[in-house]
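A.B. asks: There's a structure below that I have some questions on.
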Amino acid sequence: RALDRLHADGFYIEPTCAVAPAALDELRTRGAIGDDEDVVVPLTGSGLKG
């Protein structure tokens, strides 16, 4: 689901890169990270093959 959401938002990344944003969503759901807290999640893998 996270990968599909990122692709819909214009981020063409490889599938394993979606793990970090999915984890952020889960941590926000659990209350470990507040909705008002800024978090940087680097997306390091390109979805393009060379």
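Following the order of the structure tokens, chains are lettered A, B, ..., residues in each are numbered from 1, and ligands are numbered from 1.
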Find the spatial neighbours of A:Glu37, counting only C-alpha atoms, within a cut-off of 12 Å - ignore same-chain residues fewer than 6 positions away - and output them as a list in words.

C.D. replies: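 Those residues are Leu24, Leu27, Arg28 and Gly31 of chain A.
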
A.B. asks: So that I have them on file, write out the residues from the current selection with N, CA, C and O atoms, as a PDB file, in the first residue's frame.

C.D. replies:
```
ATOM      1  N   LEU A  24       6.896   4.753   9.263  1.00  0.00           N
ATOM      2  CA  LEU A  24       6.529   6.057   9.803  1.00  0.00           C
ATOM      3  C   LEU A  24       5.023   6.128  10.050  1.00  0.00           C
ATOM      4  O   LEU A  24       4.588   6.592  11.109  1.00  0.00           O
ATOM      5  N   LEU A  27       4.287   4.117  13.168  1.00  0.00           N
ATOM      6  CA  LEU A  27       4.723   4.799  14.381  1.00  0.00           C
ATOM      7  C   LEU A  27       3.803   5.966  14.726  1.00  0.00           C
ATOM      8  O   LEU A  27       3.532   6.222  15.903  1.00  0.00           O
ATOM      9  N   ARG A  28       3.298   6.652  13.720  1.00  0.00           N
ATOM     10  CA  ARG A  28       2.334   7.721  13.979  1.00  0.00           C
ATOM     11  C   ARG A  28       1.021   7.138  14.511  1.00  0.00           C
ATOM     12  O   ARG A  28       0.417   7.686  15.429  1.00  0.00           O
ATOM     13  N   GLY A  31       1.319   6.341  18.060  1.00  0.00           N
ATOM     14  CA  GLY A  31       1.550   7.494  18.915  1.00  0.00           C
ATOM     15  C   GLY A  31       2.995   7.688  19.320  1.00  0.00           C
ATOM     16  O   GLY A  31       3.310   8.556  20.123  1.00  0.00           O
TER      17      GLY A  31
END
```

A.B. asks: Quick one: residues within 9 Å of A:Thr44, only C-alpha atoms, excluding same-chain residues fewer than 3 positions away - as number ranges by chain?

C.D. replies: A: 13-14, 17

A.B. asks: In Å, how far is it from atom CA of A:Asp4 to atom CA of A:Pro42?

C.D. replies: 17.0 Å

A.B. asks: Please provide as a list of chain:residue names all residues within 7 Å of A:Ala2, with the sequence filter that same-chain residues fewer than 6 positions apart are discarded (counting only C-alpha atoms).

C.D. replies: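 In the requested format, the answer is A:Ala18, A:Pro21, A:Ala22.
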
A.B. asks: Could those residues be written to a file, using C-alpha atoms, as an mmCIF file, in the first residue's frame?

C.D. replies:
```cif
data_model
loop_
_atom_site.group_PDB
_atom_site.id
_atom_site.type_symbol
_atom_site.label_atom_id
_atom_site.label_comp_id
_atom_site.auth_asym_id
_atom_site.auth_seq_id
_atom_site.Cartn_x
_atom_site.Cartn_y
_atom_site.Cartn_z
ATOM 1 C CA ALA A 18 8.449 1.902 0.776
ATOM 2 C CA PRO A 21 7.374 5.488 4.954
ATOM 3 C CA ALA A 22 5.163 2.537 5.965
#
```

A.B. asks: Between A:Gly47, A:Leu3, A:Ala8, A:Asp38, which residue has the minimum interatomic distance to A:Ala20, considering only C-alpha atoms?

C.D. replies: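 Closest residue, counting only C-alpha atoms: A:Leu3.
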
A.B. asks: Please compute the atom CA of A:Arg5-atom CA of A:Asp35 distance, one decimal, in Å.

C.D. replies: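 Atom CA of A:Asp35 lies at a distance of 18.4 Å from atom CA of A:Arg5.
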